[in-house]
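A.B. asks: Following this line is upload00.cif, made up of mmCIF, C-alpha atoms:
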```
data_data
loop_
_atom_site.group_PDB
_atom_site.id
_atom_site.type_symbol
_atom_site.label_atom_id
_atom_site.label_comp_id
_atom_site.auth_asym_id
_atom_site.auth_seq_id
_atom_site.Cartn_x
_atom_site.Cartn_y
_atom_site.Cartn_z
ATOM 1 C CA MET A 10 -75.379 -35.704 3.020
ATOM 2 C CA ARG A 11 -77.129 -38.148 5.374
ATOM 3 C CA ARG A 12 -75.805 -37.784 8.913
ATOM 4 C CA PHE A 13 -75.873 -40.371 11.704
ATOM 5 C CA GLY A 14 -74.140 -40.457 15.059
ATOM 6 C CA LEU A 15 -73.694 -41.647 18.614
ATOM 7 C CA ILE A 16 -74.525 -39.781 21.820
ATOM 8 C CA GLY A 17 -73.208 -40.663 25.273
ATOM 9 C CA HIS A 18 -70.424 -39.736 27.674
ATOM 10 C CA PRO A 19 -67.586 -40.493 27.498
ATOM 11 C CA LEU A 20 -67.090 -41.751 23.942
ATOM 12 C CA THR A 21 -63.323 -42.211 23.968
ATOM 13 C CA HIS A 22 -63.351 -45.828 22.796
ATOM 14 C CA SER A 23 -66.481 -46.114 20.684
ATOM 15 C CA PHE A 24 -67.176 -49.119 18.472
ATOM 16 C CA SER A 25 -69.883 -47.420 16.401
ATOM 17 C CA GLY A 26 -67.779 -44.745 14.689
ATOM 18 C CA LYS A 27 -65.298 -47.239 13.246
ATOM 19 C CA TYR A 28 -68.009 -49.780 12.396
ATOM 20 C CA PHE A 29 -70.120 -47.376 10.367
ATOM 21 C CA ALA A 30 -67.107 -45.714 8.698
ATOM 22 C CA GLU A 31 -66.033 -49.150 7.448
ATOM 23 C CA LYS A 32 -69.596 -49.995 6.414
ATOM 24 C CA PHE A 33 -69.977 -46.787 4.396
ATOM 25 C CA ASN A 34 -66.628 -47.385 2.721
ATOM 26 C CA ARG A 35 -67.342 -51.048 1.971
ATOM 27 C CA GLU A 36 -70.806 -50.356 0.563
ATOM 28 C CA GLN A 37 -69.667 -47.174 -1.246
ATOM 29 C CA LEU A 38 -72.164 -44.979 0.601
ATOM 30 C CA SER A 39 -70.434 -41.690 -0.135
ATOM 31 C CA ASP A 40 -73.441 -39.602 0.951
ATOM 32 C CA CYS A 41 -73.357 -40.910 4.559
ATOM 33 C CA ILE A 42 -71.417 -39.717 7.581
ATOM 34 C CA TYR A 43 -71.341 -41.027 11.168
ATOM 35 C CA GLU A 44 -70.032 -38.838 13.984
ATOM 36 C CA LEU A 45 -69.521 -39.091 17.732
ATOM 37 C CA TYR A 46 -71.343 -36.517 19.856
ATOM 38 C CA ASP A 47 -69.955 -36.611 23.367
ATOM 39 C CA LEU A 48 -72.657 -34.902 25.441
ATOM 40 C CA GLU A 49 -71.640 -34.150 29.003
ATOM 41 C CA GLN A 50 -75.307 -33.394 29.658
ATOM 42 C CA LEU A 51 -78.275 -34.821 27.824
ATOM 43 C CA ASP A 52 -80.091 -31.472 27.778
ATOM 44 C CA LYS A 53 -77.753 -30.540 24.907
ATOM 45 C CA LEU A 54 -79.529 -33.037 22.632
ATOM 46 C CA PRO A 55 -82.230 -30.665 21.251
ATOM 47 C CA LYS A 56 -79.573 -28.129 20.261
ATOM 48 C CA LEU A 57 -77.493 -30.848 18.594
ATOM 49 C CA ILE A 58 -80.461 -31.871 16.439
ATOM 50 C CA GLU A 59 -81.239 -28.242 15.624
ATOM 51 C CA GLN A 60 -77.633 -27.643 14.517
ATOM 52 C CA HIS A 61 -77.686 -30.628 12.131
ATOM 53 C CA PRO A 62 -80.790 -30.593 9.907
ATOM 54 C CA ASP A 63 -79.303 -33.509 7.950
ATOM 55 C CA LEU A 64 -79.172 -35.735 11.072
ATOM 56 C CA ILE A 65 -81.361 -38.800 10.477
ATOM 57 C CA GLY A 66 -80.425 -41.281 13.182
ATOM 58 C CA LEU A 67 -78.626 -41.610 16.491
ATOM 59 C CA ASN A 68 -77.319 -44.435 18.612
ATOM 60 C CA VAL A 69 -77.425 -43.918 22.374
ATOM 61 C CA THR A 70 -74.907 -45.342 24.839
ATOM 62 C CA ILE A 71 -73.969 -45.058 28.523
ATOM 63 C CA PRO A 72 -75.265 -43.262 30.534
ATOM 64 C CA TYR A 73 -78.310 -42.035 28.584
ATOM 65 C CA LYS A 74 -80.312 -45.120 27.504
ATOM 66 C CA GLU A 75 -83.061 -44.439 30.041
ATOM 67 C CA GLN A 76 -82.847 -40.656 30.392
ATOM 68 C CA VAL A 77 -83.130 -40.070 26.642
ATOM 69 C CA MET A 78 -86.732 -41.310 26.680
ATOM 70 C CA ASP A 79 -87.796 -37.948 28.155
ATOM 71 C CA TYR A 80 -86.618 -36.219 24.957
ATOM 72 C CA LEU A 81 -88.511 -38.409 22.492
ATOM 73 C CA ASP A 82 -91.838 -37.824 20.761
ATOM 74 C CA GLU A 83 -92.634 -41.497 20.302
ATOM 75 C CA LEU A 84 -91.476 -44.938 21.422
ATOM 76 C CA ASP A 85 -91.454 -48.192 19.512
ATOM 77 C CA GLU A 86 -93.573 -50.786 21.330
ATOM 78 C CA LYS A 87 -90.577 -52.948 22.270
ATOM 79 C CA ALA A 88 -88.570 -49.963 23.564
ATOM 80 C CA HIS A 89 -91.568 -48.942 25.684
ATOM 81 C CA GLU A 90 -91.805 -52.462 27.087
ATOM 82 C CA ILE A 91 -88.073 -52.583 27.840
ATOM 83 C CA GLY A 92 -87.822 -49.090 29.311
ATOM 84 C CA ALA A 93 -84.618 -48.103 27.532
ATOM 85 C CA VAL A 94 -83.622 -46.715 24.127
ATOM 86 C CA ASN A 95 -80.369 -47.078 22.217
ATOM 87 C CA THR A 96 -81.493 -46.043 18.716
ATOM 88 C CA ILE A 97 -83.327 -42.896 17.604
ATOM 89 C CA LEU A 98 -84.953 -42.236 14.246
ATOM 90 C CA ILE A 99 -85.330 -38.545 13.337
ATOM 91 C CA ASP A 100 -88.149 -37.803 10.891
ATOM 92 C CA PRO A 101 -86.640 -35.672 8.078
ATOM 93 C CA ALA A 102 -89.816 -33.595 7.666
ATOM 94 C CA SER A 103 -91.250 -33.125 11.171
ATOM 95 C CA ARG A 104 -87.919 -33.626 13.031
ATOM 96 C CA LYS A 105 -89.810 -35.740 15.566
ATOM 97 C CA LEU A 106 -87.797 -38.355 17.451
ATOM 98 C CA LYS A 107 -88.810 -42.003 17.768
ATOM 99 C CA GLY A 108 -86.945 -44.358 20.104
ATOM 100 C CA PHE A 109 -86.106 -48.023 19.545
ATOM 101 C CA ASN A 110 -84.117 -50.681 21.394
ATOM 102 C CA THR A 111 -81.826 -52.636 19.076
ATOM 103 C CA ASP A 112 -79.731 -53.914 22.013
ATOM 104 C CA TYR A 113 -82.608 -56.320 22.579
ATOM 105 C CA HIS A 114 -82.316 -57.670 19.040
ATOM 106 C CA GLY A 115 -78.511 -57.954 19.206
ATOM 107 C CA PHE A 116 -78.425 -59.636 22.606
ATOM 108 C CA LYS A 117 -81.127 -62.188 21.786
ATOM 109 C CA ARG A 118 -79.615 -63.233 18.458
ATOM 110 C CA SER A 119 -76.091 -63.521 19.891
ATOM 111 C CA LEU A 120 -77.090 -65.431 23.043
ATOM 112 C CA GLN A 121 -79.515 -68.054 21.728
ATOM 113 C CA PRO A 122 -77.014 -70.332 19.911
ATOM 114 C CA PHE A 123 -75.098 -70.902 23.166
ATOM 115 C CA LEU A 124 -77.960 -71.684 25.526
ATOM 116 C CA LYS A 125 -78.346 -75.140 27.060
ATOM 117 C CA ASN A 126 -81.176 -76.676 29.053
ATOM 118 C CA THR A 127 -79.147 -76.077 32.219
ATOM 119 C CA HIS A 128 -79.275 -72.300 31.713
ATOM 120 C CA GLU A 129 -82.605 -71.940 33.503
ATOM 121 C CA ARG A 130 -81.540 -69.126 35.818
ATOM 122 C CA ALA A 131 -79.372 -66.077 35.213
ATOM 123 C CA LEU A 132 -77.507 -63.511 37.255
ATOM 124 C CA ILE A 133 -77.637 -60.051 35.688
ATOM 125 C CA LEU A 134 -74.705 -57.997 36.954
ATOM 126 C CA GLY A 135 -75.823 -54.364 36.991
ATOM 127 C CA THR A 136 -79.189 -52.607 36.828
ATOM 128 C CA GLY A 137 -78.497 -49.753 34.387
ATOM 129 C CA GLY A 138 -79.927 -49.078 30.942
ATOM 130 C CA ALA A 139 -78.041 -51.949 29.305
ATOM 131 C CA SER A 140 -79.618 -54.453 31.700
ATOM 132 C CA LYS A 141 -83.128 -53.573 30.491
ATOM 133 C CA ALA A 142 -82.775 -55.234 27.078
ATOM 134 C CA VAL A 143 -81.110 -58.262 28.678
ATOM 135 C CA THR A 144 -84.027 -58.614 31.102
ATOM 136 C CA GLN A 145 -86.584 -58.492 28.289
ATOM 137 C CA VAL A 146 -84.778 -61.218 26.341
ATOM 138 C CA LEU A 147 -84.538 -63.497 29.375
ATOM 139 C CA LYS A 148 -88.244 -63.026 30.084
ATOM 140 C CA GLU A 149 -89.118 -64.031 26.527
ATOM 141 C CA LEU A 150 -86.822 -67.071 26.678
ATOM 142 C CA GLY A 151 -88.353 -68.229 29.957
ATOM 143 C CA ILE A 152 -85.109 -67.807 31.919
ATOM 144 C CA ASN A 153 -85.492 -66.708 35.541
ATOM 145 C CA TYR A 154 -83.137 -63.922 36.580
ATOM 146 C CA LEU A 155 -81.748 -62.201 39.628
ATOM 147 C CA TYR A 156 -80.058 -58.800 39.581
ATOM 148 C CA VAL A 157 -76.765 -58.172 41.319
ATOM 149 C CA SER A 158 -76.340 -54.542 42.305
ATOM 150 C CA ARG A 159 -73.986 -52.414 44.371
ATOM 151 C CA ASN A 160 -77.105 -50.923 45.983
ATOM 152 C CA PRO A 161 -79.924 -53.486 45.904
ATOM 153 C CA THR A 162 -83.353 -51.861 46.194
ATOM 154 C CA SER A 163 -85.905 -54.571 45.364
ATOM 155 C CA SER A 164 -86.718 -58.185 46.252
ATOM 156 C CA ASN A 165 -85.232 -59.351 42.939
ATOM 157 C CA GLU A 166 -81.848 -57.734 43.634
ATOM 158 C CA ILE A 167 -78.960 -58.876 45.793
ATOM 159 C CA GLY A 168 -75.639 -57.285 46.647
ATOM 160 C CA TYR A 169 -72.313 -58.565 45.330
ATOM 161 C CA ASP A 170 -71.461 -59.789 48.828
ATOM 162 C CA GLU A 171 -74.503 -62.102 48.649
ATOM 163 C CA VAL A 172 -73.331 -63.944 45.528
ATOM 164 C CA ASN A 173 -72.219 -67.064 47.400
ATOM 165 C CA ALA A 174 -71.539 -70.645 46.291
ATOM 166 C CA TYR A 175 -75.242 -71.543 46.451
ATOM 167 C CA VAL A 176 -76.247 -68.612 44.239
ATOM 168 C CA MET A 177 -73.475 -69.385 41.734
ATOM 169 C CA LYS A 178 -74.408 -73.060 41.588
ATOM 170 C CA HIS A 179 -78.053 -72.298 40.821
ATOM 171 C CA HIS A 180 -77.440 -69.504 38.284
ATOM 172 C CA GLN A 181 -75.369 -70.948 35.461
ATOM 173 C CA LEU A 182 -75.844 -68.024 33.088
ATOM 174 C CA ILE A 183 -74.045 -64.866 34.254
ATOM 175 C CA ILE A 184 -74.341 -61.643 32.246
ATOM 176 C CA ASN A 185 -72.232 -58.572 32.927
ATOM 177 C CA THR A 186 -74.167 -55.469 31.854
ATOM 178 C CA THR A 187 -71.848 -53.039 33.667
ATOM 179 C CA PRO A 188 -68.886 -51.222 32.071
ATOM 180 C CA VAL A 189 -66.514 -52.778 34.643
ATOM 181 C CA GLY A 190 -63.465 -54.148 32.832
ATOM 182 C CA THR A 191 -63.754 -51.892 29.785
ATOM 183 C CA PHE A 192 -60.513 -50.492 28.330
ATOM 184 C CA PRO A 193 -58.461 -48.853 29.782
ATOM 185 C CA ASN A 194 -59.554 -50.377 33.116
ATOM 186 C CA VAL A 195 -58.767 -53.907 31.972
ATOM 187 C CA ASP A 196 -57.529 -55.080 35.387
ATOM 188 C CA THR A 197 -60.983 -54.836 36.938
ATOM 189 C CA CYS A 198 -63.920 -57.254 36.926
ATOM 190 C CA PRO A 199 -67.253 -57.666 38.729
ATOM 191 C CA ALA A 200 -66.747 -58.763 42.338
ATOM 192 C CA ILE A 201 -68.155 -62.307 42.313
ATOM 193 C CA ASP A 202 -66.518 -65.544 43.506
ATOM 194 C CA TYR A 203 -64.983 -66.941 40.310
ATOM 195 C CA ASN A 204 -63.827 -70.065 42.181
ATOM 196 C CA CYS A 205 -67.463 -71.212 42.112
ATOM 197 C CA LEU A 206 -67.578 -71.301 38.296
ATOM 198 C CA THR A 207 -67.755 -74.639 36.465
ATOM 199 C CA ASP A 208 -67.758 -75.918 32.899
ATOM 200 C CA GLU A 209 -71.565 -75.718 33.058
ATOM 201 C CA HIS A 210 -71.529 -71.926 33.400
ATOM 202 C CA LEU A 211 -71.964 -69.500 30.510
ATOM 203 C CA LEU A 212 -70.502 -66.025 31.016
ATOM 204 C CA TYR A 213 -71.660 -63.238 28.698
ATOM 205 C CA ASP A 214 -69.950 -59.849 28.912
ATOM 206 C CA LEU A 215 -71.534 -56.878 27.145
ATOM 207 C CA VAL A 216 -68.028 -55.377 27.246
ATOM 208 C CA TYR A 217 -66.272 -55.836 23.880
ATOM 209 C CA ASN A 218 -63.084 -53.828 24.434
ATOM 210 C CA PRO A 219 -60.933 -55.711 25.342
ATOM 211 C CA ALA A 220 -62.143 -58.730 23.365
ATOM 212 C CA GLU A 221 -61.526 -60.884 26.423
ATOM 213 C CA SER A 222 -62.217 -58.997 29.628
ATOM 214 C CA LEU A 223 -60.871 -60.126 32.985
ATOM 215 C CA PHE A 224 -64.417 -61.357 33.758
ATOM 216 C CA LEU A 225 -64.232 -63.687 30.731
ATOM 217 C CA GLN A 226 -60.616 -64.689 31.408
ATOM 218 C CA LYS A 227 -61.588 -65.846 34.885
ATOM 219 C CA GLY A 228 -64.477 -67.820 33.381
ATOM 220 C CA LYS A 229 -62.219 -69.514 30.832
ATOM 221 C CA ALA A 230 -59.817 -70.490 33.592
ATOM 222 C CA LYS A 231 -62.682 -72.528 35.087
ATOM 223 C CA GLN A 232 -63.646 -74.014 31.686
ATOM 224 C CA SER A 233 -66.838 -71.933 31.525
ATOM 225 C CA MET A 234 -68.165 -70.959 28.097
ATOM 226 C CA VAL A 235 -67.597 -67.233 27.440
ATOM 227 C CA ILE A 236 -69.037 -64.663 25.010
ATOM 228 C CA ASN A 237 -68.086 -61.011 24.587
ATOM 229 C CA GLY A 238 -70.359 -58.211 23.366
ATOM 230 C CA LEU A 239 -68.964 -57.789 19.864
ATOM 231 C CA ASP A 240 -71.546 -59.845 17.970
ATOM 232 C CA MET A 241 -74.321 -58.152 19.913
ATOM 233 C CA LEU A 242 -72.922 -54.761 18.890
ATOM 234 C CA LYS A 243 -72.700 -55.684 15.225
ATOM 235 C CA LEU A 244 -76.221 -57.117 15.204
ATOM 236 C CA GLN A 245 -77.709 -54.099 16.984
ATOM 237 C CA ALA A 246 -75.858 -51.712 14.630
ATOM 238 C CA GLU A 247 -77.289 -53.435 11.559
ATOM 239 C CA LYS A 248 -80.760 -53.354 13.113
ATOM 240 C CA ALA A 249 -80.349 -49.616 13.717
ATOM 241 C CA TRP A 250 -79.295 -49.149 10.082
ATOM 242 C CA GLU A 251 -82.422 -51.007 9.001
ATOM 243 C CA ILE A 252 -84.581 -48.680 11.122
ATOM 244 C CA TRP A 253 -82.908 -45.524 9.797
ATOM 245 C CA ASN A 254 -83.471 -46.660 6.237
ATOM 246 C CA GLY A 255 -87.145 -47.495 6.588
#
```
If you convert what's in this file into structure tokens, what do you get?
C.D. replies:
Amino acid sequence: MRRFGLIGHPLTHSFSGKYFAEKFNREQLSDCIYELYDLEQLDKLPKLIEQHPDLIGLNVTIPYKEQVMDYLDELDEKAHEIGAVNTILIDPASRKLKGFNTDYHGFKRSLQPFLKNTHERALILGTGGASKAVTQVLKELGINYLYVSRNPTSSNEIGYDEVNAYVMKHHQLIINTTPVGTFPNVDTCPAIDYNCLTDEHLLYDLVYNPAESLFLQKGKAKQSMVINGLDMLKLQAEKAWEIWNG
């Protein structure tokens, strides 16, 4: 049996388990299993790997995409550059762990078809592990970015109360990298002034459950283009599968 899985906390509404179960069934991969490992603390990871000698690969989700790097033996060059990991390859012989970032791949491929020349500047809502891959993609695409944080700490970060009409007008790509609005908390959304949105804005929400978050609903109401995180998730999952299978 070849074992794969997801680590994070909490994992109540995970996409990965269902996605890989369907993939294994569709492709008749009867020797593969994908399980959810809800780790309340990341220091339980070494024991988890020890308990499952058939474990080959792991996905990593909130809140461990940055912390998990301390537990790895090696980093892929792109993951090192980004500073976050969401995919781990476990060497079957040495049991050494190598970290990758497939969020980067999924986000870039899913965003590019929707970009216009007017999307020269972006607001990145949130500064956690998920924002790292987004930042790397924007850098490579030549899009300037500004972080919006509850607790701004650097010159390239502002607070939510500073996202005024001027900021909204000059940042027509807005990316939510926070879990705000995720099921079951569907009545919440990032605290920006949605009245300042126009049909020139593109809103991208890494949230995929619900399919249309309140953040995206408010964008649609102003005729903004909206994208949820589902395609990104599918693309990053397939990239992870590619890594696990050499």
A.B. asks: List the neighbours of region 27-30 of chain A out to 10 Å using all atoms listed in the file; skip same-chain residues closer than 4 positions along the sequence, and give me the result as a list of chain:residue names.
C.D. replies: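 Selected residues are A:Phe13, A:Gly14, A:His22, A:Ser23, A:Asn34, A:Arg35, A:Leu38, A:Cys41, A:Ile42, A:Tyr43, A:Glu44, A:Leu242, A:Lys243, A:Ala246, A:Glu247, A:Trp250.
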A.B. asks: Grab the residues selected above and save them as an mmCIF file, in the frame of the given file with C-alpha atoms.
C.D. replies:
```cif
data_model
loop_
_atom_site.group_PDB
_atom_site.id
_atom_site.type_symbol
_atom_site.label_atom_id
_atom_site.label_comp_id
_atom_site.auth_asym_id
_atom_site.auth_seq_id
_atom_site.Cartn_x
_atom_site.Cartn_y
_atom_site.Cartn_z
ATOM 1 C CA PHE A 13 -75.873 -40.371 11.704
ATOM 2 C CA GLY A 14 -74.140 -40.457 15.059
ATOM 3 C CA HIS A 22 -63.351 -45.828 22.796
ATOM 4 C CA SER A 23 -66.481 -46.114 20.684
ATOM 5 C CA ASN A 34 -66.628 -47.385 2.721
ATOM 6 C CA ARG A 35 -67.342 -51.048 1.971
ATOM 7 C CA LEU A 38 -72.164 -44.979 0.601
ATOM 8 C CA CYS A 41 -73.357 -40.910 4.559
ATOM 9 C CA ILE A 42 -71.417 -39.717 7.581
ATOM 10 C CA TYR A 43 -71.341 -41.027 11.168
ATOM 11 C CA GLU A 44 -70.032 -38.838 13.984
ATOM 12 C CA LEU A 242 -72.922 -54.761 18.890
ATOM 13 C CA LYS A 243 -72.700 -55.684 15.225
ATOM 14 C CA ALA A 246 -75.858 -51.712 14.630
ATOM 15 C CA GLU A 247 -77.289 -53.435 11.559
ATOM 16 C CA TRP A 250 -79.295 -49.149 10.082
#
```
A.B. asks: For Leu106 (chain A), which residue out of A:Ala131, A:Val176, A:Leu67, A:Leu124 is the nearest one, using only C-alpha atoms?
C.D. replies: A:Leu67
A.B. asks: Which residues are near Leu51 (chain A)? Cut-off 10 Å, only C-alpha atoms, ignore same chain within fewer than 4 positions. Put them as a list in words.
C.D. replies: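 Result of the neighbour search: Ile16, Gly17, His18, Asp47, Pro55, Pro72, Tyr73, Gln76, Val77 and Tyr80 of chain A.
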A.B. asks: Measuring between only C-alpha atoms, which one of A:Pro219, A:Asp196, A:Ile201, A:Gln181 shows the shortest distance to Gly168 (chain A)?
C.D. replies: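 Using only C-alpha atoms, Gly168 (chain A) sits closest to A:Ile201.
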A.B. asks: For the structure shown, which residues end up in the PyMOL selection byres ((chain A and resi 101) around 12)? Put them as a PyMOL selection string, please?
C.D. replies: chain A and resi 11-12+58-59+61-66+98-100+102-107+253-255
A.B. asks: Residues proximal to (-70.3, -61.4, 23.8) were defined as those with any atom within 12 Å of that point in the file's coordinates, counting only C-alpha atoms. Which are they, as an MDAnalysis selection string?
C.D. replies: chainID A and resid 115:123 183:186 211:222 224:225 234:244
